[in-house]
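The structure file query-v9.csv is reproduced below (CSV, C-alpha atoms and all ligand atoms).
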```csv
chain,number,residue,atom,x,y,z
A,1,MET,CA,-3.7,63.7,-12.6
A,2,LEU,CA,-5.7,63.7,-9.4
A,3,ILE,CA,-8.6,62.0,-11.3
A,4,LEU,CA,-6.3,59.3,-12.6
A,5,CYS,CA,-5.0,58.7,-9.1
A,6,LYS,CA,-8.5,58.4,-7.8
A,7,HIS,CA,-9.4,55.9,-10.6
A,8,ARG,CA,-6.3,54.0,-9.8
A,9,LEU,CA,-7.3,53.9,-6.1
A,10,LEU,CA,-10.8,52.9,-7.0
A,11,GLY,CA,-9.4,50.2,-9.3
A,12,ALA,CA,-7.1,48.8,-6.7
A,13,THR,CA,-9.9,48.8,-4.1
A,14,LEU,CA,-12.2,47.0,-6.5
A,15,ILE,CA,-9.6,44.4,-7.2
A,16,SER,CA,-8.9,43.8,-3.5
A,17,LEU,CA,-12.6,43.5,-2.9
A,18,LEU,CA,-13.1,41.2,-5.9
A,19,VAL,CA,-10.2,38.8,-5.2
A,20,PRO,CA,-11.9,36.9,-2.3
A,21,VAL,CA,-15.2,36.8,-4.3
A,22,LEU,CA,-13.4,35.4,-7.4
A,23,ALA,CA,-11.6,32.9,-5.2
A,24,SER,CA,-14.8,31.7,-3.7
A,25,ILE,CA,-16.4,31.4,-7.2
A,26,ALA,CA,-13.4,29.3,-8.3
A,27,GLU,CA,-13.9,27.3,-5.1
A,28,ALA,CA,-17.5,26.8,-5.8
A,29,LYS,CA,-16.7,25.8,-9.4
A,30,LYS,CA,-14.7,22.8,-8.3
A,31,LEU,CA,-16.2,19.6,-9.4
A,32,ASN,CA,-17.5,17.6,-6.4
A,33,VAL,CA,-16.3,14.0,-7.0
A,34,VAL,CA,-17.2,11.0,-4.9
A,35,THR,CA,-15.6,7.6,-5.4
A,36,ALA,CA,-16.5,4.2,-4.1
A,37,THR,CA,-12.9,3.4,-3.1
A,38,THR,CA,-9.7,5.2,-2.2
A,39,ASP,CA,-7.8,3.9,-5.2
A,40,ILE,CA,-10.2,5.5,-7.6
A,41,ALA,CA,-10.1,8.7,-5.5
A,42,ALA,CA,-6.3,8.7,-5.6
A,43,LEU,CA,-6.4,8.4,-9.4
A,44,ALA,CA,-9.1,11.1,-9.7
A,45,HIS,CA,-6.9,13.4,-7.5
A,46,GLU,CA,-3.9,12.9,-9.8
A,47,VAL,CA,-5.7,14.1,-12.9
A,48,GLY,CA,-8.2,16.4,-11.2
A,49,GLY,CA,-5.7,18.4,-9.1
A,50,ASP,CA,-7.1,21.5,-7.4
A,51,ARG,CA,-10.0,21.8,-9.9
A,52,ILE,CA,-11.9,19.0,-8.1
A,53,SER,CA,-12.6,17.9,-4.6
A,54,VAL,CA,-12.7,14.2,-4.2
A,55,GLU,CA,-13.7,11.9,-1.4
A,56,SER,CA,-14.0,8.1,-1.2
A,57,ILE,CA,-16.9,6.4,0.6
A,58,ALA,CA,-14.9,3.3,1.5
A,59,LYS,CA,-11.7,3.6,3.6
A,60,GLY,CA,-8.6,1.9,2.4
A,61,TYR,CA,-8.6,-0.5,5.3
A,62,GLN,CA,-12.1,-1.6,4.6
A,63,ASP,CA,-13.3,-4.6,2.6
A,64,PRO,CA,-14.7,-3.0,-0.5
A,65,HIS,CA,-17.3,-5.8,-0.9
A,66,PHE,CA,-18.9,-4.8,2.4
A,67,VAL,CA,-19.0,-1.2,3.3
A,68,GLU,CA,-21.3,0.0,6.0
A,69,ALA,CA,-23.5,2.8,4.7
A,70,LYS,CA,-23.4,5.7,7.1
A,71,PRO,CA,-25.9,8.6,6.7
A,72,SER,CA,-23.0,11.0,6.0
A,73,PHE,CA,-22.3,9.1,2.8
A,74,LEU,CA,-25.7,10.0,1.6
A,75,LEU,CA,-25.1,13.7,2.1
A,76,ARG,CA,-21.9,13.5,0.1
A,77,LEU,CA,-23.7,11.7,-2.7
A,78,GLN,CA,-26.5,14.3,-2.7
A,79,HIS,CA,-23.9,17.0,-3.5
A,80,ALA,CA,-21.8,15.0,-6.0
A,81,ASP,CA,-21.3,16.1,-9.6
A,82,LEU,CA,-19.6,12.8,-10.4
A,83,LEU,CA,-19.6,9.4,-8.8
A,84,ILE,CA,-16.9,7.0,-9.9
A,85,ILE,CA,-17.3,3.3,-9.0
A,86,VAL,CA,-14.9,0.4,-9.4
A,87,GLY,CA,-17.7,-1.6,-11.1
A,88,LEU,CA,-18.0,-5.3,-12.1
A,89,GLN,CA,-20.4,-5.6,-9.1
A,90,LEU,CA,-17.7,-5.0,-6.5
A,91,GLU,CA,-20.0,-2.5,-4.7
A,92,ILE,CA,-23.3,-4.3,-5.5
A,93,GLY,CA,-23.8,-5.1,-1.8
A,94,TRP,CA,-23.9,-1.5,-0.5
A,95,LEU,CA,-23.7,1.2,-3.2
A,96,PRO,CA,-26.9,0.9,-5.4
A,97,PRO,CA,-29.4,1.8,-2.5
A,98,LEU,CA,-27.2,4.8,-1.6
A,99,ILE,CA,-27.3,6.1,-5.2
A,100,THR,CA,-31.1,5.7,-5.3
A,101,GLN,CA,-31.6,7.3,-1.9
A,102,SER,CA,-29.4,10.3,-2.7
A,103,GLY,CA,-32.1,11.5,-5.1
A,104,ASN,CA,-29.3,13.1,-7.0
A,105,SER,CA,-30.2,12.9,-10.7
A,106,ARG,CA,-26.7,13.8,-11.8
A,107,ILE,CA,-25.1,10.5,-10.5
A,108,GLN,CA,-27.8,7.9,-11.3
A,109,VAL,CA,-26.8,4.9,-13.4
A,110,GLY,CA,-26.4,6.1,-17.0
A,111,ALA,CA,-26.4,9.8,-16.1
A,112,PRO,CA,-23.4,11.9,-17.2
A,113,GLY,CA,-22.2,12.1,-13.5
A,114,TYR,CA,-22.0,8.3,-13.2
A,115,LEU,CA,-18.7,6.7,-14.2
A,116,ASP,CA,-18.0,3.0,-14.0
A,117,ALA,CA,-14.1,2.9,-14.1
A,118,SER,CA,-14.0,-0.8,-15.1
A,119,GLN,CA,-14.9,0.1,-18.7
A,120,PHE,CA,-11.3,1.4,-19.1
A,121,ALA,CA,-9.5,-1.5,-17.5
A,122,GLU,CA,-8.3,-4.9,-18.7
A,123,ILE,CA,-10.5,-7.3,-16.9
A,124,LEU,CA,-9.3,-10.8,-16.1
A,125,GLU,CA,-11.3,-14.0,-15.1
A,126,ILE,CA,-14.5,-13.2,-16.9
A,127,PRO,CA,-16.5,-16.4,-16.3
A,128,THR,CA,-17.6,-18.3,-19.4
A,129,GLY,CA,-20.1,-20.7,-17.8
A,130,VAL,CA,-22.9,-20.2,-15.3
A,131,VAL,CA,-21.8,-18.6,-12.0
A,132,THR,CA,-23.4,-20.0,-8.8
A,133,ARG,CA,-23.0,-19.0,-5.1
A,134,ALA,CA,-21.4,-22.5,-4.5
A,135,MET,CA,-18.4,-21.2,-6.4
A,136,GLY,CA,-17.8,-18.6,-3.7
A,137,ASP,CA,-17.1,-14.9,-4.3
A,138,VAL,CA,-16.9,-15.2,-8.0
A,139,HIS,CA,-17.7,-11.9,-9.7
A,140,PRO,CA,-19.9,-12.7,-12.7
A,141,LEU,CA,-18.5,-9.9,-14.8
A,142,GLY,CA,-14.9,-10.6,-14.2
A,143,ASN,CA,-12.4,-9.8,-11.4
A,144,PRO,CA,-13.1,-6.3,-10.1
A,145,HIS,CA,-9.8,-6.0,-8.2
A,146,TYR,CA,-8.2,-4.7,-11.4
A,147,TRP,CA,-6.7,-1.5,-10.0
A,148,LEU,CA,-3.7,-3.4,-8.7
A,149,ASP,CA,-2.3,-3.5,-12.2
A,150,PRO,CA,-0.6,-0.1,-12.7
A,151,GLU,CA,-1.4,-0.3,-16.4
A,152,ASN,CA,-5.1,-0.4,-15.5
A,153,GLY,CA,-4.5,2.5,-13.1
A,154,ARG,CA,-3.1,4.5,-16.1
A,155,ARG,CA,-6.1,3.6,-18.2
A,156,VAL,CA,-8.6,4.5,-15.5
A,157,ALA,CA,-6.7,7.8,-14.9
A,158,ARG,CA,-7.1,8.6,-18.6
A,159,GLY,CA,-10.8,7.8,-18.6
A,160,ILE,CA,-11.3,10.0,-15.5
A,161,ALA,CA,-9.5,12.9,-17.1
A,162,THR,CA,-11.7,12.6,-20.2
A,163,LYS,CA,-14.9,12.5,-18.1
A,164,LEU,CA,-13.8,15.5,-15.9
A,165,GLY,CA,-13.2,17.4,-19.2
A,166,GLU,CA,-16.7,16.6,-20.4
A,167,LEU,CA,-18.2,17.8,-17.1
A,168,ASP,CA,-16.0,20.9,-17.0
A,169,PRO,CA,-14.9,21.7,-20.6
A,170,SER,CA,-13.1,24.9,-19.5
A,171,ASP,CA,-10.6,22.8,-17.6
A,172,ALA,CA,-10.4,19.9,-20.1
A,173,SER,CA,-6.9,20.7,-21.2
A,174,TYR,CA,-5.8,21.1,-17.5
A,175,PHE,CA,-7.0,17.5,-16.8
A,176,GLN,CA,-5.3,16.1,-19.9
A,177,GLU,CA,-2.0,17.8,-18.9
A,178,ARG,CA,-2.3,16.4,-15.4
A,179,PHE,CA,-2.9,12.9,-17.0
A,180,GLN,CA,0.2,13.3,-19.2
A,181,ASP,CA,2.3,14.2,-16.1
A,182,PHE,CA,0.9,11.3,-14.2
A,183,ASP,CA,1.6,9.0,-17.1
A,184,LYS,CA,5.2,10.0,-17.4
A,185,ARG,CA,6.1,10.9,-13.9
A,186,GLY,CA,9.7,10.3,-13.0
A,187,ARG,CA,10.1,7.5,-15.5
A,188,LYS,CA,12.3,8.9,-18.2
A,189,ILE,CA,15.6,7.2,-18.6
A,190,VAL,CA,18.7,6.9,-20.8
A,191,THR,CA,20.5,3.7,-21.3
A,192,TYR,CA,23.9,3.0,-22.7
A,193,HIS,CA,23.0,0.4,-25.2
A,194,ASN,CA,19.4,-0.3,-26.3
A,195,SER,CA,19.4,-3.4,-24.0
A,196,ALA,CA,16.5,-2.3,-21.7
A,197,THR,CA,13.7,-1.9,-24.3
A,198,ASN,CA,11.6,-4.9,-23.2
A,199,PHE,CA,12.3,-4.2,-19.5
A,200,ALA,CA,11.3,-0.6,-20.0
A,201,LYS,CA,8.1,-1.6,-21.8
A,202,HIS,CA,7.1,-3.9,-19.0
A,203,PHE,CA,7.9,-1.4,-16.2
A,204,HIS,CA,6.5,1.6,-18.0
A,205,LEU,CA,9.8,3.4,-18.3
A,206,ASP,CA,10.3,5.9,-21.1
A,207,VAL,CA,13.7,5.4,-22.8
A,208,ILE,CA,14.4,8.8,-24.3
A,209,GLY,CA,17.9,8.2,-25.6
A,210,TYR,CA,21.1,6.2,-25.6
A,211,VAL,CA,24.7,6.9,-24.7
A,212,GLU,CA,25.7,5.1,-28.0
A,213,PRO,CA,24.9,7.2,-31.0
A,214,ARG,CA,23.8,4.0,-32.8
A,215,PRO,CA,23.6,0.5,-31.4
A,216,GLY,CA,27.1,-0.9,-31.0
A,217,ILE,CA,28.8,2.4,-32.0
A,218,PRO,CA,30.9,4.0,-29.2
A,219,PRO,CA,29.9,7.5,-27.9
A,220,THR,CA,30.9,10.5,-29.9
A,221,PRO,CA,31.3,14.0,-28.4
A,222,SER,CA,28.6,15.5,-30.7
A,223,HIS,CA,26.1,12.8,-29.8
A,224,THR,CA,26.9,13.2,-26.1
A,225,ILE,CA,26.3,17.0,-26.2
A,226,GLU,CA,23.0,16.4,-28.0
A,227,LEU,CA,22.0,13.8,-25.4
A,228,ILE,CA,22.8,16.1,-22.5
A,229,GLY,CA,20.6,18.8,-24.1
A,230,LEU,CA,17.7,16.3,-24.7
A,231,MET,CA,18.0,15.1,-21.1
A,232,LYS,CA,17.8,18.6,-19.7
A,233,ARG,CA,14.8,19.5,-21.9
A,234,GLU,CA,13.0,16.3,-21.0
A,235,ASN,CA,14.0,16.5,-17.3
A,236,CYS,CA,15.5,13.0,-17.5
A,237,LYS,CA,17.3,12.1,-14.2
A,238,LEU,CA,18.6,8.6,-14.7
A,239,VAL,CA,21.2,6.9,-16.9
A,240,LEU,CA,21.3,3.1,-16.8
A,241,VAL,CA,24.6,1.5,-17.8
A,242,GLU,CA,25.3,-2.1,-18.4
A,243,PRO,CA,28.2,-3.4,-16.2
A,244,TYR,CA,30.5,-4.1,-19.2
A,245,PHE,CA,30.6,-0.5,-20.5
A,246,ASP,CA,33.1,2.2,-19.4
A,247,LEU,CA,31.5,4.7,-17.0
A,248,LYS,CA,33.6,7.7,-18.2
A,249,THR,CA,31.1,9.1,-20.8
A,250,PRO,CA,28.0,8.2,-18.7
A,251,ASN,CA,29.5,10.0,-15.7
A,252,SER,CA,30.2,13.1,-17.7
A,253,ILE,CA,26.7,13.0,-19.0
A,254,GLY,CA,25.4,12.6,-15.5
A,255,ALA,CA,27.5,15.6,-14.2
A,256,ALA,CA,26.4,17.8,-17.1
A,257,SER,CA,22.7,16.9,-17.0
A,258,GLY,CA,22.2,16.4,-13.3
A,259,ALA,CA,21.1,12.8,-13.8
A,260,LYS,CA,22.1,9.9,-11.6
A,261,VAL,CA,24.3,7.2,-13.3
A,262,VAL,CA,23.4,3.7,-12.2
A,263,VAL,CA,24.8,0.3,-13.3
A,264,TYR,CA,21.9,-2.0,-13.9
A,265,LEU,CA,22.1,-5.7,-14.6
A,266,PRO,CA,20.8,-7.1,-17.9
A,267,SER,CA,21.8,-10.6,-16.9
A,268,VAL,CA,21.9,-13.2,-14.2
A,269,GLY,CA,25.3,-13.3,-12.6
A,270,GLY,CA,26.1,-9.7,-13.2
A,271,GLU,CA,26.5,-9.4,-9.5
A,272,LYS,CA,27.4,-12.3,-7.1
A,273,GLN,CA,24.0,-12.3,-5.4
A,274,VAL,CA,22.0,-12.3,-8.6
A,275,THR,CA,21.9,-16.1,-9.0
A,276,ASP,CA,18.6,-16.7,-10.7
A,277,TYR,CA,16.1,-15.1,-13.1
A,278,PHE,CA,13.9,-13.8,-10.2
A,279,LYS,CA,16.8,-12.3,-8.3
A,280,LEU,CA,17.7,-10.4,-11.5
A,281,PHE,CA,14.4,-8.5,-11.4
A,282,ASP,CA,14.5,-8.1,-7.7
A,283,TYR,CA,17.9,-6.5,-8.1
A,284,ASP,CA,17.0,-4.1,-10.9
A,285,ILE,CA,13.6,-3.1,-9.5
A,286,ASP,CA,15.2,-2.3,-6.2
A,287,LEU,CA,17.8,-0.3,-8.0
A,288,LEU,CA,15.2,1.7,-9.9
A,289,LYS,CA,13.2,2.3,-6.8
A,290,LYS,CA,16.2,3.8,-5.0
A,291,ALA,CA,17.2,5.8,-8.0
A,292,PHE,CA,13.8,7.4,-8.5
A,293,GLN,CA,13.4,8.2,-4.8
B,301,ZN,ZN,-13.7,-9.9,-4.8
```
Mind converting the file's structure to structure tokens?
Amino acid sequence: MLILCKHRLLGATLISLLVPVLASIAEAKKLNVVTATTDIAALAHEVGGDRISVESIAKGYQDPHFVEAKPSFLLRLQHADLLIIVGLQLEIGWLPPLITQSGNSRIQVGAPGYLDASQFAEILEIPTGVVTRAMGDVHPLGNPHYWLDPENGRRVARGIATKLGELDPSDASYFQERFQDFDKRGRKIVTYHNSATNFAKHFHLDVIGYVEPRPGIPPTPSHTIELIGLMKRENCKLVLVEPYFDLKTPNSIGAASGAKVVVYLPSVGGEKQVTDYFKLFDYDIDLLKKAFQ
């Protein structure tokens, strides 16, 4: 009994000694990611979570075409496991010499630790003819300011998650899960009728169910119960109702599931101030913004 206690004591001591060591190993194991811009860093952070450390060379208030190369950037690049650039020659005026001077073989062009994020994005304005300086700041490979399309943000995030998984296979599923969360975050909705399908596609909402059991069929108690269960499982927090439907069933669904019930407008004129096609989207986007906050 005494021996057992001693062992226990020894075990406990060993564990308490090992915990900081293990923590620092985990810390050291973090992938060191450097990005050219803050937007790519933000996307990398979304999927990389606490398994990476990430820093952007350019600041968000700087013109990404012209970034002043400070010596501290070089140090960051020397220790990077992964460099992610916007690409399409956005950084051509300042980044290539830094990559070379870093002497870091992991992040040289074509190395596994070099990732050009533009390969994942939909690129607009790819010139077809000859590009000359007289045309101004025309990027010969297409418009590199692609990150301002959230759909491209989604694609880039997925590409980064895959790359992080290649560099750190033991955390590959963690990165994929983080991407799935990022992709779906806060965007699950239920609508009364299936009137918001195109709207949802454009604004990347995930319609998981309808108050109507089938299009045009009024709610039934059994379907309502099923829907409440589904919403709880999927953590769906929003029910959109067209203004011409009764709010009784949606409100009871909202009360039972903890979701907010909001009347959205599928048509111009649904509210007095919604007088044209543009105001319709202004109205509904504003409504969604408030509802998801
Ligand atoms: Zn530009």
For Glu46 (chain A), list every protein, DNA or RNA residue within 12 Å, evaluated using only C-alpha atoms, and leave out those in the same chain fewer than 2 positions away; present the list as a short mmCIF file (atom, residue, chain, number, x, y, z; two decimals) with C-alpha atoms, in the frame of the given file.
```
data_model
loop_
_atom_site.label_atom_id
_atom_site.label_comp_id
_atom_site.auth_asym_id
_atom_site.auth_seq_id
_atom_site.Cartn_x
_atom_site.Cartn_y
_atom_site.Cartn_z
CA ASP A 39 -7.80 3.90 -5.20
CA ILE A 40 -10.20 5.50 -7.60
CA ALA A 41 -10.10 8.70 -5.50
CA ALA A 42 -6.30 8.70 -5.60
CA LEU A 43 -6.40 8.40 -9.40
CA ALA A 44 -9.10 11.10 -9.70
CA GLY A 48 -8.20 16.40 -11.20
CA GLY A 49 -5.70 18.40 -9.10
CA ASP A 50 -7.10 21.50 -7.40
CA ARG A 51 -10.00 21.80 -9.90
CA ILE A 52 -11.90 19.00 -8.10
CA SER A 53 -12.60 17.90 -4.60
CA VAL A 54 -12.70 14.20 -4.20
CA GLY A 153 -4.50 2.50 -13.10
CA ARG A 154 -3.10 4.50 -16.10
CA VAL A 156 -8.60 4.50 -15.50
CA ALA A 157 -6.70 7.80 -14.90
CA ARG A 158 -7.10 8.60 -18.60
CA ILE A 160 -11.30 10.00 -15.50
CA ALA A 161 -9.50 12.90 -17.10
CA LEU A 164 -13.80 15.50 -15.90
CA TYR A 174 -5.80 21.10 -17.50
CA PHE A 175 -7.00 17.50 -16.80
CA GLN A 176 -5.30 16.10 -19.90
CA GLU A 177 -2.00 17.80 -18.90
CA ARG A 178 -2.30 16.40 -15.40
CA PHE A 179 -2.90 12.90 -17.00
CA GLN A 180 0.20 13.30 -19.20
CA ASP A 181 2.30 14.20 -16.10
CA PHE A 182 0.90 11.30 -14.20
CA ASP A 183 1.60 9.00 -17.10
CA ARG A 185 6.10 10.90 -13.90
#
```
Quiz prompt | Within 10 Å of ligand ZN 301 (chain B) (all atoms listed in the file), residues as a ChimeraX atom specification | solution = /A:63-65,88-91,136-139,142-145
Exercise. Could you tell me how far CA of Thr100 (chain A) lies from CA of Ser118 (chain A), in Å and to one decimal?
Key: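 Distance between the two atoms: 20.8 Å.
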Counting only C-alpha atoms, give me one row per residue of region 148-168 of chain A with an atom at most 12 Å from an atom of region 191-205 of chain A, showing the shortest contact pair and its distance in Å to one decimal, sorted by chain then residue number, as a Markdown table.
```
| residue | atom | partner | partner_atom | distance |
| --- | --- | --- | --- | --- |
| A:Asp149 | CA | A:Phe203 | CA | 11.2 |
| A:Pro150 | CA | A:His204 | CA | 9.0 |
| A:Glu151 | CA | A:His204 | CA | 8.3 |
| A:Arg154 | CA | A:His204 | CA | 10.2 |
```
Exercise. Figure out the distance between CA of Val109 (chain A) and CA of Leu31 (chain A), please, to one decimal in Å.
Key: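 Result for CA of Leu31 (chain A) versus CA of Val109 (chain A): 18.6 Å, one decimal.
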Quiz item: With distances taken over all atoms listed in the file, which of A:Pro221, A:Gly216, A:Pro140, A:Pro112 is nearest to Asp168 (chain A)?
Solution: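 Ranking A:Pro221, A:Gly216, A:Pro140, A:Pro112 by distance to Asp168 (chain A), first place goes to A:Pro112.
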Quiz item: Which polymer residues have any atom within 12 Å of an atom of Gly129 (chain A), counting only C-alpha atoms, with same-chain residues fewer than 2 positions away left out, as a VMD selection string?
Solution: chain A and resid 125 to 127 131 to 132 135 138 140 to 142
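Note that the spacing between CA of Glu68 (chain A) and CA of Leu95 (chain A) amounts to 9.6 Å.
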Quiz item: Could you pull the residues within 7 Å of region 265-278 of chain A, counting all atoms listed in the file, minus those fewer than 3 positions along the same chain, as a ChimeraX atom specification?
Solution: /A:242-243,281-282,284
Exercise. Do a neighbour search on Ser222 (chain A) at 12 Å with all atoms listed in the file, toss out local chain neighbours closer than 6 positions, and write the hits as a ChimeraX atom specification.
Key: /A:211-213,228-229
Quiz item: Any idea what's packed within 8 Å of Tyr114 (chain A), counting all atoms listed in the file, ignoring anything in its chain fewer than 3 positions away? Could you give it as a PyMOL selection string?
Solution: chain A and resi 82-84+106-111
Practice problem: Choose the residue, out of A:Lys279, A:Thr38, A:Lys232, A:Gly113, that has the smallest atom-to-atom separation from Gln78 (chain A); count all atoms listed in the file. | Solution: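 Checking each candidate against Gln78 (chain A), we get A:Gly113 as the closest.
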Practice problem: Show me as a list in words the residues that reach within 12 Å of (22.2, 17.5, -25.8), counting only C-alpha atoms and using the file's own coordinates. | Solution: Ile208, Gly209, Tyr210, Val211, Pro213, Thr220, Pro221, Ser222, His223, Thr224, Ile225, Glu226, Leu227, Ile228, Gly229, Leu230, Met231, Lys232, Arg233, Glu234, Asn235, Cys236, Ile253, Gly254, Ala256 and Ser257 of chain A
Output the selection as a PDB file, in the frame of the given file - C-alpha atoms for each residue.
```
ATOM      1  CA  ILE A 208      14.400   8.800 -24.300  1.00  0.00           C
ATOM      2  CA  GLY A 209      17.900   8.200 -25.600  1.00  0.00           C
ATOM      3  CA  TYR A 210      21.100   6.200 -25.600  1.00  0.00           C
ATOM      4  CA  VAL A 211      24.700   6.900 -24.700  1.00  0.00           C
ATOM      5  CA  PRO A 213      24.900   7.200 -31.000  1.00  0.00           C
ATOM      6  CA  THR A 220      30.900  10.500 -29.900  1.00  0.00           C
ATOM      7  CA  PRO A 221      31.300  14.000 -28.400  1.00  0.00           C
ATOM      8  CA  SER A 222      28.600  15.500 -30.700  1.00  0.00           C
ATOM      9  CA  HIS A 223      26.100  12.800 -29.800  1.00  0.00           C
ATOM     10  CA  THR A 224      26.900  13.200 -26.100  1.00  0.00           C
ATOM     11  CA  ILE A 225      26.300  17.000 -26.200  1.00  0.00           C
ATOM     12  CA  GLU A 226      23.000  16.400 -28.000  1.00  0.00           C
ATOM     13  CA  LEU A 227      22.000  13.800 -25.400  1.00  0.00           C
ATOM     14  CA  ILE A 228      22.800  16.100 -22.500  1.00  0.00           C
ATOM     15  CA  GLY A 229      20.600  18.800 -24.100  1.00  0.00           C
ATOM     16  CA  LEU A 230      17.700  16.300 -24.700  1.00  0.00           C
ATOM     17  CA  MET A 231      18.000  15.100 -21.100  1.00  0.00           C
ATOM     18  CA  LYS A 232      17.800  18.600 -19.700  1.00  0.00           C
ATOM     19  CA  ARG A 233      14.800  19.500 -21.900  1.00  0.00           C
ATOM     20  CA  GLU A 234      13.000  16.300 -21.000  1.00  0.00           C
ATOM     21  CA  ASN A 235      14.000  16.500 -17.300  1.00  0.00           C
ATOM     22  CA  CYS A 236      15.500  13.000 -17.500  1.00  0.00           C
ATOM     23  CA  ILE A 253      26.700  13.000 -19.000  1.00  0.00           C
ATOM     24  CA  GLY A 254      25.400  12.600 -15.500  1.00  0.00           C
ATOM     25  CA  ALA A 256      26.400  17.800 -17.100  1.00  0.00           C
ATOM     26  CA  SER A 257      22.700  16.900 -17.000  1.00  0.00           C
TER      27      SER A 257
END
```
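Closest approach to Phe120 (chain A) among A:Val34, A:Leu247, A:Ile85, A:Ala69: A:Ile85, based on only C-alpha atoms.
Closest approach to Lys260 (chain A) among A:Ala291, A:Val33, A:Ile123, A:Ile285: A:Ala291, based on all atoms listed in the file.
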